[in-house]
$ cat upload.cif   # mmCIF, C-alpha atoms
data_final
#
loop_
_atom_site.group_PDB
_atom_site.id
_atom_site.type_symbol
_atom_site.label_atom_id
_atom_site.label_comp_id
_atom_site.auth_asym_id
_atom_site.auth_seq_id
_atom_site.Cartn_x
_atom_site.Cartn_y
_atom_site.Cartn_z
ATOM 1 C CA GLU H 218 -49.903 27.220 -37.917
ATOM 2 C CA ILE H 219 -48.519 27.715 -41.415
ATOM 3 C CA VAL H 220 -45.032 28.915 -42.260
ATOM 4 C CA PHE H 221 -44.065 29.971 -45.753
ATOM 5 C CA VAL H 222 -40.331 29.592 -46.365
ATOM 6 C CA MET H 223 -39.721 31.289 -49.704
ATOM 7 C CA ASP H 224 -36.702 31.755 -51.913
ATOM 8 C CA CYS H 225 -36.705 35.471 -52.761
ATOM 9 C CA THR H 226 -33.797 35.465 -55.183
ATOM 10 C CA ARG H 227 -33.769 36.868 -58.724
ATOM 11 C CA SER H 228 -35.922 34.224 -60.437
ATOM 12 C CA MET H 229 -38.732 34.007 -57.895
ATOM 13 C CA GLN H 230 -40.911 37.061 -58.572
ATOM 14 C CA PRO H 231 -43.855 34.964 -59.902
ATOM 15 C CA ALA H 232 -44.066 33.078 -56.603
ATOM 16 C CA ILE H 233 -43.666 36.262 -54.562
ATOM 17 C CA ASP H 234 -46.536 37.822 -56.515
ATOM 18 C CA ALA H 235 -48.682 34.718 -55.923
ATOM 19 C CA ALA H 236 -48.109 34.971 -52.170
ATOM 20 C CA LYS H 237 -49.059 38.648 -52.205
ATOM 21 C CA ALA H 238 -52.233 37.903 -54.146
ATOM 22 C CA ARG H 239 -53.406 34.804 -52.270
ATOM 23 C CA VAL H 240 -52.383 34.915 -48.602
ATOM 24 C CA ARG H 241 -55.626 36.667 -47.653
ATOM 25 C CA ASP H 242 -57.631 34.045 -49.573
ATOM 26 C CA VAL H 243 -55.860 31.235 -47.697
ATOM 27 C CA VAL H 244 -56.980 32.611 -44.342
ATOM 28 C CA ARG H 245 -60.535 33.231 -45.596
ATOM 29 C CA GLU H 246 -60.875 29.724 -47.072
ATOM 30 C CA LEU H 247 -59.662 28.022 -43.892
ATOM 31 C CA ALA H 248 -62.000 30.092 -41.742
ATOM 32 C CA LEU H 249 -64.965 29.158 -43.933
ATOM 33 C CA LYS H 250 -64.133 25.482 -44.495
ATOM 34 C CA GLU H 251 -62.660 24.503 -41.164
ATOM 35 C CA ASN H 252 -63.895 27.167 -38.751
ATOM 36 C CA SER H 253 -60.253 27.466 -37.816
ATOM 37 C CA ILE H 254 -58.094 30.447 -36.943
ATOM 38 C CA CYS H 255 -54.827 30.263 -38.813
ATOM 39 C CA ARG H 256 -51.578 31.704 -37.531
ATOM 40 C CA LEU H 257 -49.132 32.507 -40.321
ATOM 41 C CA ALA H 258 -45.404 33.148 -40.330
ATOM 42 C CA PHE H 259 -43.144 33.966 -43.248
ATOM 43 C CA VAL H 260 -39.432 33.392 -43.827
ATOM 44 C CA ALA H 261 -37.933 35.028 -46.909
ATOM 45 C CA TYR H 262 -34.440 33.799 -47.695
ATOM 46 C CA LYS H 263 -31.808 34.769 -50.231
ATOM 47 C CA ASP H 264 -28.198 33.683 -50.575
ATOM 48 C CA PHE H 265 -24.861 34.625 -49.065
ATOM 49 C CA ASP H 266 -23.801 36.760 -52.033
ATOM 50 C CA HIS H 267 -27.024 38.798 -51.882
ATOM 51 C CA VAL H 268 -26.239 40.255 -48.440
ATOM 52 C CA ALA H 269 -23.291 41.948 -46.755
ATOM 53 C CA GLU H 270 -20.684 39.599 -45.337
ATOM 54 C CA GLY H 271 -21.903 38.180 -42.025
ATOM 55 C CA ALA H 272 -25.432 39.558 -42.453
ATOM 56 C CA PRO H 273 -28.419 37.190 -42.189
ATOM 57 C CA THR H 274 -29.832 35.830 -45.431
ATOM 58 C CA THR H 275 -33.362 35.714 -43.995
ATOM 59 C CA GLN H 276 -36.194 38.111 -43.224
ATOM 60 C CA VAL H 277 -38.652 36.676 -40.709
ATOM 61 C CA LYS H 278 -42.215 37.594 -39.887
ATOM 62 C CA PRO H 279 -43.150 35.691 -36.690
ATOM 63 C CA PHE H 280 -46.510 33.988 -36.201
ATOM 64 C CA THR H 281 -49.519 36.260 -36.366
ATOM 65 C CA ASP H 282 -53.260 35.836 -36.805
ATOM 66 C CA ASP H 283 -53.538 39.447 -38.030
ATOM 67 C CA ILE H 284 -53.791 39.101 -41.804
ATOM 68 C CA GLU H 285 -53.180 42.812 -42.407
ATOM 69 C CA ASP H 286 -49.994 42.590 -40.376
ATOM 70 C CA MET H 287 -48.832 39.639 -42.478
ATOM 71 C CA LEU H 288 -49.757 41.319 -45.759
ATOM 72 C CA SER H 289 -47.793 44.431 -44.850
ATOM 73 C CA PHE H 290 -44.716 42.189 -44.566
ATOM 74 C CA VAL H 291 -45.408 40.162 -47.723
ATOM 75 C CA ASN H 292 -46.156 43.256 -49.814
ATOM 76 C CA GLU H 293 -42.666 44.569 -49.105
ATOM 77 C CA LEU H 294 -40.985 41.447 -50.471
ATOM 78 C CA HIS H 295 -39.126 41.668 -53.748
ATOM 79 C CA GLU H 296 -36.759 39.399 -55.614
ATOM 80 C CA ALA H 297 -33.035 40.035 -55.167
ATOM 81 C CA PRO H 298 -31.923 42.673 -57.712
ATOM 82 C CA GLU H 299 -28.830 40.740 -58.829
ATOM 83 C CA TRP H 300 -28.113 37.184 -59.910
ATOM 84 C CA GLY H 301 -26.003 35.106 -57.565
ATOM 85 C CA ARG H 302 -22.763 33.334 -58.362
ATOM 86 C CA ASP H 303 -24.266 29.847 -58.414
ATOM 87 C CA PRO H 304 -27.643 28.065 -58.581
ATOM 88 C CA PRO H 305 -27.986 26.844 -54.941
ATOM 89 C CA GLU H 306 -29.458 29.146 -52.296
ATOM 90 C CA ASP H 307 -29.442 29.296 -48.490
ATOM 91 C CA VAL H 308 -32.396 26.947 -48.055
ATOM 92 C CA ALA H 309 -30.800 25.734 -44.822
ATOM 93 C CA GLY H 310 -30.927 29.231 -43.348
ATOM 94 C CA GLY H 311 -34.595 29.559 -44.262
ATOM 95 C CA MET H 312 -35.533 26.217 -42.752
ATOM 96 C CA ARG H 313 -33.557 26.904 -39.594
ATOM 97 C CA ALA H 314 -35.410 30.198 -39.155
ATOM 98 C CA ALA H 315 -38.732 28.350 -39.535
ATOM 99 C CA LEU H 316 -37.720 25.770 -36.955
ATOM 100 C CA ASP H 317 -36.769 28.510 -34.481
ATOM 101 C CA LEU H 318 -40.250 30.055 -34.548
ATOM 102 C CA PRO H 319 -42.377 29.640 -31.378
ATOM 103 C CA TRP H 320 -44.688 26.858 -32.604
ATOM 104 C CA THR H 321 -47.695 26.076 -30.385
ATOM 105 C CA ALA H 322 -50.395 24.438 -32.560
ATOM 106 C CA ASP H 323 -51.005 20.732 -33.112
ATOM 107 C CA ALA H 324 -51.591 21.260 -36.849
ATOM 108 C CA ARG H 325 -48.319 22.487 -38.376
ATOM 109 C CA VAL H 326 -47.272 22.999 -41.988
ATOM 110 C CA VAL H 327 -44.120 24.355 -43.620
ATOM 111 C CA PHE H 328 -44.336 25.318 -47.281
ATOM 112 C CA LEU H 329 -40.876 25.498 -48.849
ATOM 113 C CA ILE H 330 -41.333 27.497 -52.052
ATOM 114 C CA CYS H 331 -38.224 27.424 -54.196
ATOM 115 C CA ASP H 332 -36.634 26.775 -57.570
ATOM 116 C CA ALA H 333 -33.097 25.892 -56.491
ATOM 117 C CA PRO H 334 -31.518 23.331 -54.162
ATOM 118 C CA PRO H 335 -29.734 23.972 -50.875
ATOM 119 C CA HIS H 336 -25.975 24.369 -50.790
ATOM 120 C CA ASN H 337 -23.903 21.254 -50.024
ATOM 121 C CA PRO H 338 -23.059 18.237 -52.196
ATOM 122 C CA GLN H 339 -25.618 16.202 -50.247
ATOM 123 C CA PHE H 340 -28.397 18.233 -51.884
ATOM 124 C CA CYS H 341 -26.986 19.626 -55.163
ATOM 125 C CA PRO H 342 -26.837 17.842 -58.533
ATOM 126 C CA ASP H 343 -23.351 16.470 -59.099
ATOM 127 C CA ASP H 344 -22.667 18.771 -62.063
ATOM 128 C CA MET H 345 -23.985 21.971 -60.456
ATOM 129 C CA ILE H 346 -21.601 24.738 -59.405
ATOM 130 C CA ASP H 347 -21.822 25.460 -55.653
ATOM 131 C CA ALA H 348 -19.894 28.494 -54.402
ATOM 132 C CA PHE H 349 -20.696 27.689 -50.748
ATOM 133 C CA PRO H 350 -20.476 23.882 -50.478
ATOM 134 C CA GLU H 351 -19.547 24.004 -46.801
ATOM 135 C CA SER H 352 -22.944 25.404 -45.806
ATOM 136 C CA GLY H 353 -26.115 23.362 -45.433
ATOM 137 C CA THR H 354 -24.541 20.828 -43.080
ATOM 138 C CA THR H 355 -27.307 21.252 -40.469
ATOM 139 C CA LEU H 356 -30.243 20.972 -42.874
ATOM 140 C CA GLU H 357 -30.880 17.231 -42.592
ATOM 141 C CA GLY H 358 -30.946 17.493 -38.784
ATOM 142 C CA ASP H 359 -33.394 20.388 -38.982
ATOM 143 C CA ILE H 360 -35.660 18.385 -41.286
ATOM 144 C CA GLU H 361 -35.555 15.566 -38.711
ATOM 145 C CA GLN H 362 -36.741 17.980 -36.034
ATOM 146 C CA LEU H 363 -39.653 19.086 -38.218
ATOM 147 C CA ALA H 364 -40.616 15.473 -38.912
ATOM 148 C CA SER H 365 -40.386 14.443 -35.264
ATOM 149 C CA SER H 366 -42.695 17.324 -34.276
ATOM 150 C CA ASN H 367 -45.357 16.097 -36.753
ATOM 151 C CA THR H 368 -44.893 19.137 -38.992
ATOM 152 C CA GLU H 369 -46.086 18.607 -42.555
ATOM 153 C CA LEU H 370 -43.438 19.644 -45.112
ATOM 154 C CA VAL H 371 -44.625 20.666 -48.572
ATOM 155 C CA VAL H 372 -42.060 21.533 -51.246
ATOM 156 C CA LEU H 373 -43.543 23.738 -53.969
ATOM 157 C CA GLN H 374 -41.183 23.775 -56.939
ATOM 158 C CA VAL H 375 -41.404 26.880 -59.101
ATOM 159 C CA ASN H 376 -39.955 25.642 -62.379
ATOM 160 C CA GLY H 377 -39.729 22.585 -64.592
ATOM 161 C CA ARG H 378 -36.203 21.467 -63.712
ATOM 162 C CA GLU H 379 -37.090 18.525 -61.508
ATOM 163 C CA ASP H 380 -33.481 17.318 -61.352
ATOM 164 C CA ASP H 381 -32.380 20.510 -59.577
ATOM 165 C CA LEU H 382 -34.270 19.519 -56.412
ATOM 166 C CA ALA H 383 -34.202 15.733 -56.831
ATOM 167 C CA LYS H 384 -31.366 15.020 -54.376
ATOM 168 C CA ALA H 385 -32.723 17.376 -51.718
ATOM 169 C CA VAL H 386 -36.247 15.998 -52.035
ATOM 170 C CA THR H 387 -34.937 12.438 -51.743
ATOM 171 C CA VAL H 388 -33.212 13.320 -48.450
ATOM 172 C CA PHE H 389 -36.329 15.066 -47.119
ATOM 173 C CA GLU H 390 -38.589 12.152 -48.017
ATOM 174 C CA GLU H 391 -36.218 9.592 -46.500
ATOM 175 C CA VAL H 392 -36.082 11.570 -43.249
ATOM 176 C CA TYR H 393 -39.867 11.744 -43.039
ATOM 177 C CA ARG H 394 -40.257 8.034 -43.724
ATOM 178 C CA ARG H 395 -37.750 7.262 -40.986
ATOM 179 C CA VAL H 396 -38.670 9.836 -38.348
ATOM 180 C CA GLY H 397 -42.128 11.251 -38.928
ATOM 181 C CA PRO H 398 -44.826 8.565 -39.029
ATOM 182 C CA ASN H 399 -47.491 11.157 -38.225
ATOM 183 C CA ALA H 400 -46.470 13.668 -40.899
ATOM 184 C CA ASN H 401 -45.655 13.659 -44.598
ATOM 185 C CA CYS H 402 -43.235 15.272 -47.002
ATOM 186 C CA GLN H 403 -45.020 16.224 -50.229
ATOM 187 C CA VAL H 404 -43.652 17.647 -53.465
ATOM 188 C CA HIS H 405 -45.688 19.641 -55.978
ATOM 189 C CA THR H 406 -44.897 21.885 -58.904
ATOM 190 C CA LEU H 407 -46.657 25.210 -59.365
ATOM 191 C CA THR H 408 -48.028 25.416 -62.909
ATOM 192 C CA GLU H 409 -48.648 28.390 -65.162
ATOM 193 C CA ARG H 410 -51.750 28.955 -62.951
ATOM 194 C CA ILE H 411 -49.343 29.801 -60.179
ATOM 195 C CA GLU H 412 -51.734 31.944 -58.083
ATOM 196 C CA LEU H 413 -54.558 29.390 -58.208
ATOM 197 C CA ASP H 414 -52.157 26.506 -57.531
ATOM 198 C CA PHE H 415 -50.745 28.358 -54.535
ATOM 199 C CA LEU H 416 -54.203 28.844 -53.025
ATOM 200 C CA GLU H 417 -55.409 25.314 -53.790
ATOM 201 C CA LEU H 418 -52.333 23.522 -52.487
ATOM 202 C CA VAL H 419 -52.050 25.575 -49.315
ATOM 203 C CA VAL H 420 -55.730 25.252 -48.394
ATOM 204 C CA ARG H 421 -55.946 21.524 -49.155
ATOM 205 C CA THR H 422 -52.758 20.707 -47.281
ATOM 206 C CA ALA H 423 -53.830 22.789 -44.288
ATOM 207 C CA THR H 424 -57.245 21.090 -44.304
ATOM 208 C CA TYR H 425 -55.641 17.644 -44.346
ATOM 209 C CA THR H 426 -53.211 18.619 -41.581
ATOM 210 C CA LEU H 427 -56.034 19.877 -39.373
ATOM 211 C CA THR H 428 -57.915 16.607 -39.929
ATOM 212 C CA ARG H 429 -54.830 14.581 -39.074
ATOM 213 C CA ALA H 430 -54.148 16.609 -35.929
ATOM 214 C CA ARG H 431 -57.721 16.143 -34.732
ATOM 215 C CA ASP H 432 -57.496 12.431 -35.456
ATOM 216 C CA LEU H 433 -54.235 12.107 -33.542
ATOM 217 C CA ARG H 434 -55.611 14.092 -30.628
ATOM 218 C CA SER H 435 -58.687 11.900 -30.382
ATOM 219 C CA ARG H 436 -56.584 8.736 -30.498
ATOM 220 C CA SER H 437 -54.001 9.921 -27.984
ATOM 221 C CA GLY H 438 -56.435 11.701 -25.667
ATOM 222 C CA GLY H 439 -54.328 14.838 -25.693
ATOM 223 C CA SER H 440 -51.999 16.877 -27.853
ATOM 224 C CA ALA H 441 -51.387 15.662 -31.382
ATOM 225 C CA ALA H 442 -47.848 16.984 -31.247
ATOM 226 C CA GLY H 443 -47.163 14.639 -28.357
ATOM 227 C CA ALA H 444 -48.897 11.592 -29.808
ATOM 228 C CA GLY H 445 -46.975 8.351 -29.785
ATOM 229 C CA ALA H 446 -44.982 7.207 -32.795
ATOM 230 C CA GLY H 447 -47.328 4.284 -33.373
ATOM 231 C CA ILE H 448 -50.338 6.512 -33.997
ATOM 232 C CA ALA H 449 -50.957 7.431 -37.641
ATOM 233 C CA PHE H 450 -53.641 9.252 -39.572
ATOM 234 C CA SER H 451 -56.441 6.969 -40.753
ATOM 235 C CA GLY H 452 -55.440 5.747 -44.199
ATOM 236 C CA GLY H 453 -51.736 6.611 -43.839
ATOM 237 C CA ALA H 454 -50.533 8.978 -46.573
ATOM 238 C CA ILE H 455 -52.359 12.121 -47.600
ATOM 239 C CA PRO H 456 -55.814 11.177 -48.938
ATOM 240 C CA SER H 457 -56.168 11.484 -52.726
ATOM 241 C CA SER H 458 -59.229 13.680 -52.257
ATOM 242 C CA LEU H 459 -57.015 16.237 -50.524
ATOM 243 C CA ASN H 460 -54.114 15.881 -52.940
ATOM 244 C CA PRO H 461 -54.771 18.296 -55.806
ATOM 245 C CA ARG H 462 -52.116 16.981 -58.146
ATOM 246 C CA PRO H 463 -49.795 14.007 -58.498
ATOM 247 C CA SER H 464 -46.445 14.593 -56.844
ATOM 248 C CA ARG H 465 -43.810 16.120 -59.132
ATOM 249 C CA THR H 466 -46.076 17.007 -62.026
ATOM 250 C CA ILE H 467 -43.778 19.278 -63.999
ATOM 251 C CA SER H 468 -45.711 21.823 -66.008
ATOM 252 C CA TYR H 469 -44.705 25.336 -64.963
ATOM 253 C CA ARG H 470 -42.137 27.069 -67.151
ATOM 254 C CA ARG H 471 -40.713 30.418 -66.201
ATOM 255 C CA PRO H 472 -40.686 33.142 -68.872
ATOM 256 C CA VAL H 473 -37.350 33.385 -70.636
ATOM 257 C CA SER H 474 -37.000 36.935 -69.330
ATOM 258 C CA VAL H 475 -36.530 35.709 -65.741
ATOM 259 C CA CYS H 476 -34.020 32.972 -66.549
ATOM 260 C CA LYS H 477 -30.380 33.624 -65.706
ATOM 261 C CA PRO H 478 -27.695 33.402 -68.327
ATOM 262 C CA ALA H 479 -25.473 30.353 -68.085
ATOM 263 C CA PRO H 480 -22.289 31.047 -66.096
ATOM 264 C CA SER H 481 -18.819 30.733 -67.493
ATOM 265 C CA GLY H 482 -16.753 27.767 -66.365
ATOM 266 C CA PRO H 483 -17.691 24.098 -66.008
ATOM 267 C CA PRO H 484 -21.089 23.006 -67.341
ATOM 268 C CA THR H 485 -23.952 22.973 -64.821
ATOM 269 C CA ALA H 486 -27.319 21.272 -64.636
ATOM 270 C CA SER H 487 -28.920 24.706 -64.984
ATOM 271 C CA GLY H 488 -28.056 28.352 -64.944
ATOM 272 C CA PRO H 489 -27.771 30.162 -61.601
ATOM 273 C CA THR H 490 -30.933 31.104 -59.813
#

$ encode --input "upload.cif" --output "structure tokens"
Amino acid sequence: EIVFVMDCTRSMQPAIDAAKARVRDVVRELALKENSICRLAFVAYKDFDHVAEGAPTTQVKPFTDDIEDMLSFVNELHEAPEWGRDPPEDVAGGMRAALDLPWTADARVVFLICDAPPHNPQFCPDDMIDAFPESGTTLEGDIEQLASSNTELVVLQVNGREDDLAKAVTVFEEVYRRVGPNANCQVHTLTERIELDFLELVVRTATYTLTRARDLRSRSGGSAAGAGAGIAFSGGAIPSSLNPRPSRTISYRRPVSVCKPAPSGPPTASGPT
């Protein structure tokens, strides 16, 4: 089971287009390589100032193995028409929606595809404006639940501003080291080959996760999701042969035309996203 949790705010159209172009290829590749049926779900999130007051910031497509059904949802996705008031987005809302899905498989992956950090000082750069600092308080606990259920978390960063996500990634990685011995938190940056990177990273991570789940099941004699904390994938971290790029290789640069103007007021680490 694979869940895409994607920031669909103003700067993210390249990633949205990549998902539209490559989701079908992901399913085809996994069927050919692993003889495995893949159930997909999709969570598109925006921010509080992109929706009416009190309205949800997420659109959710529940798990399905019908690729045409999934594509009909993905093809309707578009970036938010307006810039927000600040760089952070409602990542916490997107991750909560992913956690609430009815997971059933042993092999589980969440791809968080974003270019901005979650709200809350715990996750934002110190000099970044955050119009909603009180939100995001449940995110660390939700990441712990993902880790404890052996769900692989892969952060795909869609720009070259590594510092924007550095604090959030540090929290995610620390949680996985502490809680999830049978799963990993990975970080990759989508390059200018964004569509090919999307396909390669998703397929390789899903392949590794299937291998790990089978390994855990064989060791525990049952469900991989219920395997004991002392059981780990042979070799520990993700094998280098399945890791297409070193973590945090920063090479993708968004076109200037999709970059937001810098806001007025105190200096920030980056313009709003």

$ closest_atom_pairs --input "upload.cif" --of "region 388-422 of chain H" --to "region 426-440 of chain H" --cutoff "9 Å" --atoms "only C-alpha atoms" --output "JSON lines"
{"residue": "H:Asn399", "atom": "CA", "partner": "H:Arg429", "partner_atom": "CA", "distance": 8.1}
{"residue": "H:Ala400", "atom": "CA", "partner": "H:Thr426", "partner_atom": "CA", "distance": 8.4}
{"residue": "H:Arg421", "atom": "CA", "partner": "H:Thr426", "partner_atom": "CA", "distance": 8.6}
{"residue": "H:Thr422", "atom": "CA", "partner": "H:Thr426", "partner_atom": "CA", "distance": 6.1}

$ resolve_selection --input "upload.cif" --expression "the PyMOL selection byres ((chain H and resi 334-337) around 10)" --output "PyMOL selection string"
chain H and resi 264+303-311+331-333+338-342+345-354+356+380-386+490

$ closest_residue --input "upload.cif" --among "H:Ala272, H:Val240, H:Ile254, H:Ile330" --to "Thr424 (chain H)" --atoms "only C-alpha atoms"
H:Ile254

$ resolve_selection --input "upload.cif" --expression "the PyMOL selection byres ((chain H and resi 315) around 8)" --output "PDB file with C-alpha atoms, in the frame of the given file"
ATOM      1  CA  VAL H 220     -45.032  28.915 -42.260  1.00  0.00           C
ATOM      2  CA  VAL H 222     -40.331  29.592 -46.365  1.00  0.00           C
ATOM      3  CA  VAL H 260     -39.432  33.392 -43.827  1.00  0.00           C
ATOM      4  CA  GLY H 311     -34.595  29.559 -44.262  1.00  0.00           C
ATOM      5  CA  MET H 312     -35.533  26.217 -42.752  1.00  0.00           C
ATOM      6  CA  ARG H 313     -33.557  26.904 -39.594  1.00  0.00           C
ATOM      7  CA  ALA H 314     -35.410  30.198 -39.155  1.00  0.00           C
ATOM      8  CA  LEU H 316     -37.720  25.770 -36.955  1.00  0.00           C
ATOM      9  CA  ASP H 317     -36.769  28.510 -34.481  1.00  0.00           C
ATOM     10  CA  LEU H 318     -40.250  30.055 -34.548  1.00  0.00           C
ATOM     11  CA  VAL H 327     -44.120  24.355 -43.620  1.00  0.00           C
TER      12      VAL H 327
END

$ residues_around --input "upload.cif" --residues "region 413-416 of chain H" --least-positions-apart "5" --cutoff "12 Å" --atoms "only C-alpha atoms" --output "number ranges by chain"
H: 221, 231-247, 328-330, 371-375, 405-408, 421-423, 460-462, 468-469

$ resolve_selection --input "upload.cif" --expression "the PyMOL selection byres ((chain H and resi 360) around 9)" --output "compact mmCIF listing (two decimals) with C-alpha atoms, in the frame of the given file"
# COMPACT_ATOMS: atom_id res chain seq x y z
CA MET H 312 -35.53 26.22 -42.75
CA ARG H 313 -33.56 26.90 -39.59
CA LEU H 316 -37.72 25.77 -36.96
CA THR H 355 -27.31 21.25 -40.47
CA LEU H 356 -30.24 20.97 -42.87
CA GLU H 357 -30.88 17.23 -42.59
CA GLY H 358 -30.95 17.49 -38.78
CA ASP H 359 -33.39 20.39 -38.98
CA GLU H 361 -35.56 15.57 -38.71
CA GLN H 362 -36.74 17.98 -36.03
CA LEU H 363 -39.65 19.09 -38.22
CA ALA H 364 -40.62 15.47 -38.91
CA SER H 365 -40.39 14.44 -35.26
CA LEU H 370 -43.44 19.64 -45.11
CA PHE H 389 -36.33 15.07 -47.12
CA VAL H 392 -36.08 11.57 -43.25
CA TYR H 393 -39.87 11.74 -43.04

$ atom_distance --input "upload.cif" --atom1 "CA of Ser289 (chain H)" --atom2 "CA of Val419 (chain H)"
19.8 Å

$ residues_around --input "upload.cif" --residues "Ala261 (chain H)" --least-positions-apart "6" --cutoff "9 Å" --atoms "all atoms listed in the file" --output "list in words"
Phe221, Val222, Met223, Asp224, Cys225, Thr274, Thr275, Gln276, Val277, Lys278, Leu294 and Gly311 of chain H

$ atom_distance --input "upload.cif" --atom1 "CA of Arg227 (chain H)" --atom2 "CA of Ala258 (chain H)"
22.1 Å

$ atom_distance --input "upload.cif" --atom1 "CA of Val268 (chain H)" --atom2 "CA of His295 (chain H)"
14.0 Å

$ closest_residue --input "upload.cif" --among "H:Glu285, H:His267, H:Val388, H:Val420" --to "Arg302 (chain H)" --atoms "all atoms listed in the file"
H:His267
